[in-house]
$ cat entry_10.tsv   # TSV, C-alpha atoms
chain	number	residue	atom	x	y	z
T	1	MET	CA	58.19	154.47	103.07
T	2	GLU	CA	56.64	154.63	106.50
T	3	LEU	CA	55.91	157.92	108.24
T	4	ASP	CA	55.12	157.43	111.90
T	5	PRO	CA	52.89	160.20	113.41
T	6	ILE	CA	54.97	160.54	116.61
T	7	THR	CA	58.19	160.61	114.60
T	8	LEU	CA	56.64	163.32	112.45
T	9	LEU	CA	55.73	165.25	115.61
T	10	ALA	CA	59.31	164.90	116.86
T	11	ILE	CA	60.73	166.14	113.56
T	12	ALA	CA	58.31	169.09	113.53
T	13	GLY	CA	59.22	169.95	117.13
T	14	MET	CA	62.94	169.84	116.32
T	15	ALA	CA	62.44	171.96	113.20
T	16	VAL	CA	60.42	174.58	115.11
T	17	ALA	CA	62.98	174.64	117.95
T	18	THR	CA	65.82	175.13	115.48
T	19	PHE	CA	64.02	177.83	113.51
T	20	ALA	CA	63.25	179.62	116.77
T	21	THR	CA	66.97	179.78	117.61
T	22	ARG	CA	67.79	180.95	114.08
T	23	THR	CA	65.26	183.80	114.14
T	24	ALA	CA	65.49	184.92	117.79
T	25	GLY	CA	68.77	186.85	117.41
T	26	PHE	CA	67.44	188.81	114.43
T	27	ALA	CA	64.17	189.59	116.22
T	28	PHE	CA	65.96	190.62	119.41
T	29	MET	CA	68.22	193.10	117.61
T	30	ARG	CA	65.27	195.09	116.29
T	31	PHE	CA	64.82	196.43	119.80
T	32	MET	CA	68.44	196.94	120.77
T	33	PRO	CA	70.34	200.20	120.25
T	34	LEU	CA	73.45	199.71	118.13
T	35	LYS	CA	75.93	201.88	119.96
T	36	GLY	CA	78.42	202.05	122.80
T	37	ARG	CA	79.18	198.84	124.63
T	38	MET	CA	76.42	196.99	122.82
T	39	LYS	CA	78.12	197.72	119.51
T	40	ALA	CA	81.52	196.71	120.89
T	41	ALA	CA	80.00	193.44	122.11
T	42	LEU	CA	78.41	192.68	118.74
T	43	ASP	CA	81.60	193.58	116.88
T	44	ALA	CA	83.39	190.93	118.93
T	45	MET	CA	80.64	188.32	118.50
T	46	PRO	CA	81.97	186.47	115.41
T	47	ALA	CA	85.44	186.00	116.91
T	48	ALA	CA	84.01	185.02	120.31
T	49	ILE	CA	81.65	182.42	118.79
T	50	LEU	CA	84.27	180.96	116.45
T	51	MET	CA	86.70	180.61	119.35
T	52	SER	CA	84.03	178.94	121.51
T	53	VAL	CA	83.18	176.46	118.76
T	54	ILE	CA	86.78	175.31	118.39
T	55	ALA	CA	88.02	175.64	121.99
T	56	PRO	CA	87.04	172.16	123.25
T	57	THR	CA	88.60	170.50	120.19
T	58	VAL	CA	91.71	172.63	120.42
T	59	VAL	CA	92.46	172.48	124.15
T	60	ALA	CA	90.59	169.49	125.56
T	61	THR	CA	90.68	166.65	123.00
T	62	GLY	CA	94.29	165.54	122.71
T	63	VAL	CA	97.86	166.57	121.95
T	64	ALA	CA	97.44	165.84	118.21
T	65	GLU	CA	94.43	168.17	117.96
T	66	THR	CA	96.14	170.95	119.95
T	67	LEU	CA	99.29	170.82	117.82
T	68	ALA	CA	97.30	170.59	114.59
T	69	ALA	CA	95.33	173.68	115.68
T	70	VAL	CA	98.58	175.60	116.22
T	71	ILE	CA	99.83	174.57	112.76
T	72	THR	CA	96.45	175.51	111.23
T	73	ALA	CA	96.53	178.91	112.95
T	74	GLY	CA	100.03	179.46	111.51
T	75	ALA	CA	98.73	178.70	108.03
T	76	ALA	CA	95.77	181.02	108.61
T	77	MET	CA	98.07	183.85	109.64
T	78	LEU	CA	99.94	183.46	106.34
T	79	ARG	CA	96.65	184.46	104.69
T	80	LEU	CA	96.51	181.31	102.59
T	81	PRO	CA	93.15	180.63	100.89
T	82	LEU	CA	90.55	178.98	103.15
T	83	ILE	CA	90.72	175.66	101.34
T	84	ALA	CA	94.52	175.53	101.74
T	85	VAL	CA	94.25	176.22	105.47
T	86	VAL	CA	91.64	173.46	105.86
T	87	ILE	CA	93.84	170.99	103.96
T	88	VAL	CA	96.83	171.91	106.15
T	89	GLY	CA	94.63	171.27	109.19
T	90	ILE	CA	93.38	167.87	108.01
T	91	VAL	CA	96.82	166.67	106.88
T	92	SER	CA	98.46	167.74	110.14
T	93	VAL	CA	95.82	166.17	112.39
T	94	VAL	CA	95.97	162.86	110.49
T	95	GLY	CA	99.79	162.87	110.57
T	96	LEU	CA	99.96	163.79	114.25
T	97	ARG	CA	97.38	161.16	115.22
T	98	ILE	CA	99.52	158.51	113.48
T	99	VAL	CA	102.78	159.77	115.02
T	100	LEU	CA	101.36	160.25	118.52
T	101	GLY	CA	99.22	157.12	118.39
G	1	MET	CA	66.89	201.44	78.02
G	2	VAL	CA	68.79	202.64	81.05
G	3	GLU	CA	66.54	200.52	83.25
G	4	THR	CA	67.22	197.43	81.15
G	5	TYR	CA	70.92	198.06	81.24
G	6	ARG	CA	70.88	198.44	85.00
G	7	THR	CA	68.87	195.29	85.45
G	8	LYS	CA	71.36	193.41	83.32
G	9	VAL	CA	74.30	194.67	85.34
G	10	THR	CA	72.58	193.69	88.56
G	11	ASN	CA	71.79	190.24	87.21
G	12	VAL	CA	75.34	189.61	86.11
G	13	THR	CA	76.64	190.72	89.49
G	14	ALA	CA	74.09	188.60	91.30
G	15	ARG	CA	74.98	185.55	89.23
G	16	GLU	CA	78.66	186.18	89.84
G	17	ASP	CA	77.98	186.61	93.56
G	18	PHE	CA	75.97	183.40	93.71
G	19	ARG	CA	78.81	181.58	91.95
G	20	ARG	CA	81.29	183.01	94.45
G	21	GLY	CA	79.17	181.72	97.33
G	22	CYS	CA	79.02	178.26	95.74
G	23	LEU	CA	82.80	178.21	95.34
G	24	ASP	CA	83.36	179.24	98.96
G	25	ILE	CA	81.03	176.55	100.31
G	26	LEU	CA	82.26	173.78	97.99
G	27	PRO	CA	85.09	172.49	100.25
G	28	ILE	CA	82.71	172.56	103.23
G	29	ALA	CA	80.13	170.57	101.29
G	30	ALA	CA	82.79	168.04	100.31
G	31	VAL	CA	83.63	167.49	103.98
G	32	ALA	CA	79.99	167.47	105.08
G	33	PHE	CA	79.05	164.80	102.52
G	34	PRO	CA	80.59	161.76	104.30
G	35	ILE	CA	79.28	163.14	107.60
G	36	GLY	CA	75.79	163.26	106.07
G	37	LEU	CA	76.22	159.67	104.87
G	38	LEU	CA	77.16	158.64	108.39
G	39	TRP	CA	74.18	160.43	109.89
G	40	GLY	CA	71.80	158.78	107.42
G	41	THR	CA	73.24	155.37	108.22
G	42	LEU	CA	72.84	155.90	111.97
G	43	ALA	CA	69.33	157.30	111.54
G	44	VAL	CA	68.15	154.10	109.83
G	45	LYS	CA	69.81	152.03	112.56
G	46	GLU	CA	67.78	153.99	115.12
G	47	GLY	CA	64.61	153.02	113.30
G	48	LEU	CA	63.88	156.06	111.12
G	49	SER	CA	62.73	155.42	107.58
G	50	PRO	CA	64.68	157.13	104.77
G	51	LEU	CA	61.66	159.42	104.25
G	52	GLU	CA	61.70	160.46	107.91
G	53	ALA	CA	65.48	160.95	107.85
G	54	GLY	CA	65.19	163.13	104.74
G	55	LEU	CA	62.35	165.17	106.25
G	56	MET	CA	64.46	165.83	109.32
G	57	SER	CA	67.53	166.88	107.32
G	58	ALA	CA	65.45	169.16	105.11
G	59	SER	CA	63.56	170.87	107.93
G	60	VAL	CA	66.06	170.89	110.81
G	61	PHE	CA	69.28	171.21	108.74
G	62	ALA	CA	71.63	171.17	111.72
G	63	GLY	CA	74.36	168.52	111.84
G	64	ALA	CA	75.34	168.64	115.51
G	65	ALA	CA	71.71	168.79	116.68
G	66	GLN	CA	70.72	165.87	114.45
G	67	PHE	CA	73.51	163.67	115.86
G	68	VAL	CA	72.38	164.55	119.39
G	69	ALA	CA	68.80	163.67	118.41
G	70	LEU	CA	69.89	160.20	117.26
G	71	ASP	CA	71.65	159.67	120.59
G	72	LEU	CA	68.34	160.30	122.36
G	73	TRP	CA	66.16	158.47	119.84
G	74	ARG	CA	63.81	155.77	121.23
G	75	THR	CA	60.69	154.06	119.96
G	76	PRO	CA	58.32	155.85	120.27
G	77	PRO	CA	60.40	159.04	119.99
G	78	PRO	CA	60.37	161.28	123.12
G	79	TRP	CA	59.37	164.28	121.00
G	80	LEU	CA	59.38	166.88	123.77
G	81	LEU	CA	62.82	165.86	125.04
G	82	LEU	CA	64.13	165.76	121.47
G	83	SER	CA	62.80	169.24	120.69
G	84	PHE	CA	64.21	170.68	123.89
G	85	SER	CA	67.63	169.04	123.42
G	86	VAL	CA	67.84	170.32	119.86
G	87	PHE	CA	66.89	173.78	121.12
G	88	VAL	CA	69.77	173.72	123.61
G	89	VAL	CA	72.31	172.50	121.06
G	90	ASN	CA	71.20	175.27	118.71
G	91	ILE	CA	71.01	178.09	121.27
G	92	ARG	CA	74.29	179.47	119.82
G	93	HIS	CA	72.28	180.51	116.74
G	94	VAL	CA	70.65	183.27	118.81
G	95	LEU	CA	74.04	184.97	119.20
G	96	MET	CA	74.99	184.30	115.59
G	97	GLY	CA	71.73	185.81	114.38
G	98	ALA	CA	72.17	188.90	116.57
G	99	SER	CA	75.56	189.47	114.99
G	100	LEU	CA	74.49	188.70	111.41
G	101	SER	CA	71.37	190.89	111.72
G	102	ARG	CA	73.58	193.96	111.19
G	103	HIS	CA	74.62	192.81	107.73
G	104	ILE	CA	71.32	191.85	106.09
G	105	GLY	CA	70.38	195.40	105.09
G	106	SER	CA	70.84	194.75	101.37
G	107	ILE	CA	68.92	191.46	101.44
G	108	PRO	CA	65.23	191.82	100.42
G	109	LYS	CA	62.82	191.38	103.34
G	110	ALA	CA	61.00	188.53	101.61
G	111	LEU	CA	64.22	186.48	101.53
G	112	ARG	CA	65.18	187.05	105.15
G	113	PRO	CA	63.26	184.06	106.58
G	114	LEU	CA	65.18	181.89	104.11
G	115	VAL	CA	68.43	183.51	105.27
G	116	MET	CA	67.57	182.50	108.84
G	117	LEU	CA	66.50	178.96	107.85
G	118	LEU	CA	69.84	178.37	106.13
G	119	MET	CA	71.97	179.84	108.93
G	120	VAL	CA	74.17	176.87	109.85
G	121	ASP	CA	77.56	177.54	111.48
G	122	GLU	CA	79.61	177.37	108.29
G	123	VAL	CA	77.23	179.58	106.28
G	124	TRP	CA	77.11	182.08	109.12
G	125	ALA	CA	80.90	182.19	109.47
G	126	LEU	CA	81.48	182.71	105.74
G	127	ALA	CA	78.75	185.36	105.60
G	128	GLU	CA	80.35	187.24	108.51
G	129	ARG	CA	83.71	187.03	106.76
G	130	ARG	CA	82.21	188.39	103.56
G	131	ALA	CA	80.62	191.30	105.48
G	132	LEU	CA	84.11	192.39	106.57
G	133	SER	CA	85.05	193.37	103.02
G	134	ALA	CA	81.83	193.86	101.02
G	135	PRO	CA	78.07	194.14	101.56
G	136	LEU	CA	76.41	190.78	102.17
G	137	THR	CA	74.11	190.13	99.20
G	138	ALA	CA	71.24	187.67	98.95
G	139	ALA	CA	72.95	186.06	95.93
G	140	TYR	CA	76.18	185.36	97.81
G	141	TYR	CA	74.34	184.09	100.89
G	142	LEU	CA	72.06	181.79	98.91
G	143	GLY	CA	75.15	180.62	96.98
G	144	LEU	CA	76.49	179.45	100.34
G	145	GLY	CA	73.30	178.11	101.87
G	146	LEU	CA	71.35	176.41	99.10
G	147	PRO	CA	74.12	174.07	97.85
G	148	LEU	CA	74.94	173.09	101.44
G	149	TRP	CA	71.28	172.33	102.15
G	150	VAL	CA	70.96	170.19	99.01
G	151	ASN	CA	74.25	168.48	99.86
G	152	TRP	CA	73.09	167.68	103.40
G	153	LEU	CA	69.72	166.37	102.23
G	154	VAL	CA	71.21	164.24	99.45
G	155	SER	CA	74.06	162.82	101.55
G	156	THR	CA	71.81	161.86	104.49
G	157	LEU	CA	69.28	160.29	102.10
G	158	ILE	CA	71.97	158.25	100.36
G	159	GLY	CA	73.28	157.14	103.75
G	160	ALA	CA	69.76	156.17	104.84
G	161	VAL	CA	68.95	154.25	101.64
G	162	LEU	CA	72.29	152.45	101.27
G	163	GLY	CA	72.71	152.02	105.01
G	164	ARG	CA	76.43	152.37	104.63
G	165	ALA	CA	78.87	155.20	105.35
G	166	LEU	CA	82.31	155.85	103.86
G	167	GLY	CA	84.05	154.53	106.94
G	168	ASP	CA	84.72	156.62	110.01
G	169	PRO	CA	85.13	160.37	109.27
G	170	HIS	CA	87.45	160.52	112.30
G	171	ALA	CA	89.97	158.24	110.57
G	172	TYR	CA	90.32	160.67	107.66
G	173	GLY	CA	90.65	163.71	109.94
G	174	LEU	CA	87.35	165.06	108.62
G	175	ASP	CA	86.12	165.76	112.14
G	176	PHE	CA	88.94	168.31	112.36
G	177	ALA	CA	88.06	169.99	109.04
G	178	PHE	CA	85.40	172.22	110.58
G	179	SER	CA	87.76	173.31	113.36
G	180	ALA	CA	90.36	174.12	110.71
G	181	LEU	CA	87.81	176.13	108.75
G	182	PHE	CA	86.80	178.13	111.82
G	183	ILE	CA	90.46	178.77	112.72
G	184	ALA	CA	91.01	180.05	109.16
G	185	ILE	CA	87.98	182.37	109.32
G	186	LEU	CA	88.86	183.48	112.84
G	187	ALA	CA	92.15	184.88	111.52
G	188	SER	CA	90.24	187.47	109.44
G	189	PHE	CA	88.62	188.85	112.60
G	190	TRP	CA	91.92	189.68	114.32
G	191	LYS	CA	91.97	193.40	115.18
G	192	GLY	CA	94.78	193.55	117.73
G	193	PRO	CA	95.32	192.87	121.46
G	194	ARG	CA	91.67	193.48	122.32
G	195	THR	CA	90.71	190.57	120.08
G	196	GLY	CA	93.30	188.53	121.99
G	197	ALA	CA	91.51	189.30	125.27
G	198	VAL	CA	88.15	188.34	123.74
G	199	LEU	CA	89.55	185.07	122.40
G	200	ALA	CA	91.20	184.20	125.71
G	201	ALA	CA	87.93	184.75	127.60
G	202	SER	CA	85.86	182.81	125.06
G	203	GLY	CA	88.30	179.94	124.75
G	204	LEU	CA	88.67	179.52	128.50
G	205	ALA	CA	84.94	179.81	129.22
G	206	ALA	CA	83.97	177.45	126.40
G	207	ALA	CA	86.55	174.79	127.32
G	208	LEU	CA	85.56	174.92	131.02
G	209	ALA	CA	81.85	174.84	130.16
G	210	LYS	CA	82.38	171.86	127.87
G	211	LEU	CA	84.14	169.97	130.69
G	212	LEU	CA	81.87	171.03	133.56
G	213	VAL	CA	78.39	171.80	132.20
G	214	PRO	CA	76.31	168.91	130.83
G	215	GLY	CA	74.65	169.57	127.48
G	216	ALA	CA	75.87	171.75	124.64
G	217	TRP	CA	75.86	175.13	126.38
G	218	TYR	CA	79.57	175.76	125.87
G	219	ILE	CA	79.35	177.77	122.62
G	220	ALA	CA	76.77	180.18	123.99
G	221	LEU	CA	78.61	180.54	127.32
G	222	GLY	CA	81.97	181.07	125.59
G	223	GLY	CA	80.40	183.59	123.23
G	224	ILE	CA	78.83	185.55	126.09
G	225	ALA	CA	82.15	185.56	128.01
G	226	GLY	CA	83.99	186.94	124.97
G	227	VAL	CA	81.52	189.69	124.13
G	228	SER	CA	81.32	190.70	127.81
G	229	VAL	CA	85.06	191.28	127.79
G	230	ALA	CA	84.69	193.30	124.58
G	231	ALA	CA	81.95	195.42	126.16
G	232	LEU	CA	84.07	196.02	129.28
G	233	LEU	CA	87.10	197.03	127.21
G	234	ALA	CA	85.12	199.43	124.99
G	235	GLN	CA	86.50	202.96	125.20
G	236	PRO	CA	84.37	205.57	127.02
G	237	GLU	CA	84.41	207.92	123.99
G	238	VAL	CA	83.00	205.10	121.89
G	239	GLU	CA	80.27	204.70	124.46
G	240	ALA	CA	79.40	208.40	124.37
G	241	ASP	CA	79.19	208.19	120.58
G	242	GLY	CA	75.82	208.14	118.88
G	243	ALA	CA	74.35	211.11	120.75
$ encode --input "entry_10.tsv" --output "structure tokens"
Amino acid sequence: MELDPITLLAIAGMAVATFATRTAGFAFMRFMPLKGRMKAALDAMPAAILMSVIAPTVVATGVAETLAAVITAGAAMLRLPLIAVVIVGIVSVVGLRIVLG
Amino acid sequence: MVETYRTKVTNVTAREDFRRGCLDILPIAAVAFPIGLLWGTLAVKEGLSPLEAGLMSASVFAGAAQFVALDLWRTPPPWLLLSFSVFVVNIRHVLMGASLSRHIGSIPKALRPLVMLLMVDEVWALAERRALSAPLTAAYYLGLGLPLWVNWLVSTLIGAVLGRALGDPHAYGLDFAFSALFIAILASFWKGPRTGAVLAASGLAAALAKLLVPGAWYIALGGIAGVSVAALLAQPEVEADGA
């Protein structure tokens, strides 16, 4: 098992960079007041982030992905368990990719 | 006696909570496993040893960032460029952490660094969902995070040692599984037309940023667009609150 010093440095740098991003939000919020528009913004954060994560896949990848996302959203609105919604999503994207080429 | 009884109750609840976290993360881990295999395979092709690949998975623990790192990998590794690129891919965590920071009140301070270390997208999303209905406990959070970390480490190591993946995850629709998960979780955050405005702003900004801005800034930009709309739409009486 070789362990190259520069590779180790790269891994350490990546780990520190990642940990910095994972701690910065928590540290920042210790100094921010939790009221008014700030609170409204934070309340909306989970939905805004989730939407941003999926948006490129949903609207800018292909017709199969867009349609599969609509079907998945339908399943999600039926309040099915998470695992069922994910399975609906996978099955529909595979089916649509075959049908649409 | 009362103390003992209380401790027992807490332990049972904690164990139950940990189990619940494990159950919630299980389907995610199942999907992440072949992706970990693929990453391990690619890492060895780029010249990393299995030990180095495992060290990276254990300490960085970020799928998207690790794939970007392999894209940029050279011999010798451009460590500064790699660190900076990983930082940019992970910048979304700053927003996620700001949001999650409001729900860690019942998690002991000593465990909070571990909470942050384990905060990958899927763990964060499930933790936020949990906080909608019940306090976020350390047991539940670790039930999400620890199995996923072990799963990522083991799958990338197997990929690196065997040098073979289970075919192309794209062919099985596994690349879409995470989108499906996030769509499912997103549904629990729907609170009416205002949420619609937030989602429209985020979706539009993220899609445009993905197409127009090089690098992985789109999640952070989409997130900022969405929360800005939420802040603008906040009612004045809400703003005056807290006096």
$ atom_distance --input "entry_10.tsv" --atom1 "atom CA of G:Phe178" --atom2 "atom CA of G:Ala131"
20.3 Å
$ interface_residues --input "entry_10.tsv" --of "chain T" --to "chain G" --cutoff "7 Å" --atoms "all atoms listed in the file" --output "number ranges by chain"
T: 1-3, 6-7, 9-11, 13-15, 17-19, 21-26, 29, 35-38, 40-42, 44-45, 47-56, 60, 72-73, 76-77, 82-83, 85-86, 89-90, 93-94
$ atom_distance --input "entry_10.tsv" --atom1 "atom CA of G:Leu144" --atom2 "atom CA of G:Pro169"
22.8 Å
$ closest_residue --input "entry_10.tsv" --among "G:Pro135, G:Pro193, G:Gly40, G:Gly105" --to "G:Ser155" --atoms "all atoms listed in the file"
G:Gly40
$ axis_aligned_box --input "entry_10.tsv" --around "stretch 41-50 of chain T" --padding-each-side "3 Å" --output "lines of an AutoDock Vina configuration file"
center_x = 81.9
center_y = 187.3
center_z = 118.8
size_x = 13.0
size_y = 18.6
size_z = 12.7
$ atom_distance --input "entry_10.tsv" --atom1 "atom CA of G:Phe18" --atom2 "atom CA of G:Gly54"
25.5 Å
$ closest_residue --input "entry_10.tsv" --among "G:Gly192, G:Val154, G:Pro108, G:Thr137" --to "G:Leu37" --atoms "only C-alpha atoms"
G:Val154
$ closest_residue --input "entry_10.tsv" --among "G:Leu132, G:Leu166, G:Ile107, G:Ala139" --to "G:Phe33" --atoms "all atoms listed in the file"
G:Leu166
$ closest_residue --input "entry_10.tsv" --among "G:Leu72, G:Ala110, G:Arg164, G:Val213" --to "G:Ala138" --atoms "all atoms listed in the file"
G:Ala110
$ closest_residue --input "entry_10.tsv" --among "G:His103, G:Arg19, G:Lys45, G:Lys109" --to "G:Ser133" --atoms "only C-alpha atoms"
G:His103
$ decode --input "entry_10.tsv" --residues "stretch 50-71 of chain T" --atoms "N, CA, C and O atoms" --output "tab-separated table (two decimals), in the first residue's frame"
chain	number	residue	atom	x	y	z
T	50	LEU	N	-33.03	22.13	-1.69
T	50	LEU	CA	-33.46	20.88	-2.35
T	50	LEU	C	-33.83	21.16	-3.80
T	50	LEU	O	-33.46	20.42	-4.71
T	51	MET	N	-34.55	22.25	-4.03
T	51	MET	CA	-34.95	22.60	-5.39
T	51	MET	C	-33.72	22.87	-6.26
T	51	MET	O	-33.65	22.44	-7.42
T	52	SER	N	-32.72	23.56	-5.68
T	52	SER	CA	-31.53	23.90	-6.45
T	52	SER	C	-30.71	22.67	-6.80
T	52	SER	O	-30.09	22.60	-7.86
T	53	VAL	N	-30.71	21.68	-5.88
T	53	VAL	CA	-29.97	20.44	-6.15
T	53	VAL	C	-30.58	19.72	-7.34
T	53	VAL	O	-29.87	19.24	-8.23
T	54	ILE	N	-31.92	19.67	-7.40
T	54	ILE	CA	-32.56	18.86	-8.43
T	54	ILE	C	-32.81	19.62	-9.73
T	54	ILE	O	-32.97	18.99	-10.78
T	55	ALA	N	-32.83	20.96	-9.69
T	55	ALA	CA	-33.26	21.73	-10.85
T	55	ALA	C	-32.53	21.37	-12.15
T	55	ALA	O	-33.18	21.13	-13.16
T	56	PRO	N	-31.19	21.30	-12.16
T	56	PRO	CA	-30.53	20.99	-13.43
T	56	PRO	C	-30.93	19.62	-13.98
T	56	PRO	O	-31.14	19.49	-15.19
T	57	THR	N	-31.07	18.63	-13.09
T	57	THR	CA	-31.50	17.30	-13.55
T	57	THR	C	-32.91	17.36	-14.10
T	57	THR	O	-33.22	16.76	-15.13
T	58	VAL	N	-33.77	18.11	-13.40
T	58	VAL	CA	-35.18	18.11	-13.75
T	58	VAL	C	-35.45	18.90	-15.03
T	58	VAL	O	-36.23	18.46	-15.88
T	59	VAL	N	-34.83	20.07	-15.19
T	59	VAL	CA	-35.21	20.91	-16.33
T	59	VAL	C	-34.18	20.95	-17.45
T	59	VAL	O	-34.51	21.37	-18.55
T	60	ALA	N	-32.95	20.51	-17.19
T	60	ALA	CA	-31.93	20.73	-18.23
T	60	ALA	C	-31.16	19.48	-18.60
T	60	ALA	O	-30.05	19.57	-19.11
T	61	THR	N	-31.71	18.28	-18.35
T	61	THR	CA	-30.98	17.06	-18.72
T	61	THR	C	-31.61	16.41	-19.94
T	61	THR	O	-30.94	16.13	-20.92
T	62	GLY	N	-32.91	16.17	-19.89
T	62	GLY	CA	-33.58	15.56	-21.03
T	62	GLY	C	-35.06	15.40	-20.74
T	62	GLY	O	-35.52	15.62	-19.62
T	63	VAL	N	-35.81	15.00	-21.77
T	63	VAL	CA	-37.26	14.86	-21.62
T	63	VAL	C	-37.58	13.75	-20.63
T	63	VAL	O	-38.48	13.88	-19.79
T	64	ALA	N	-36.82	12.64	-20.68
T	64	ALA	CA	-37.09	11.51	-19.79
T	64	ALA	C	-36.97	11.94	-18.33
T	64	ALA	O	-37.83	11.62	-17.50
T	65	GLU	N	-35.91	12.71	-18.02
T	65	GLU	CA	-35.69	13.14	-16.64
T	65	GLU	C	-36.78	14.11	-16.19
T	65	GLU	O	-37.26	14.04	-15.06
T	66	THR	N	-37.19	15.03	-17.08
T	66	THR	CA	-38.23	15.99	-16.73
T	66	THR	C	-39.55	15.28	-16.44
T	66	THR	O	-40.20	15.53	-15.42
T	67	LEU	N	-39.93	14.36	-17.32
T	67	LEU	CA	-41.18	13.63	-17.12
T	67	LEU	C	-41.11	12.75	-15.87
T	67	LEU	O	-42.07	12.69	-15.09
T	68	ALA	N	-39.98	12.09	-15.67
T	68	ALA	CA	-39.82	11.25	-14.48
T	68	ALA	C	-39.93	12.09	-13.21
T	68	ALA	O	-40.50	11.65	-12.21
T	69	ALA	N	-39.41	13.32	-13.25
T	69	ALA	CA	-39.49	14.20	-12.09
T	69	ALA	C	-40.94	14.56	-11.79
T	69	ALA	O	-41.36	14.61	-10.63
T	70	VAL	N	-41.73	14.80	-12.85
T	70	VAL	CA	-43.15	15.12	-12.66
T	70	VAL	C	-43.88	13.93	-12.04
T	70	VAL	O	-44.65	14.08	-11.08
T	71	ILE	N	-43.59	12.73	-12.55
T	71	ILE	CA	-44.22	11.51	-12.00
T	71	ILE	C	-43.81	11.34	-10.52
T	71	ILE	O	-44.63	11.06	-9.65
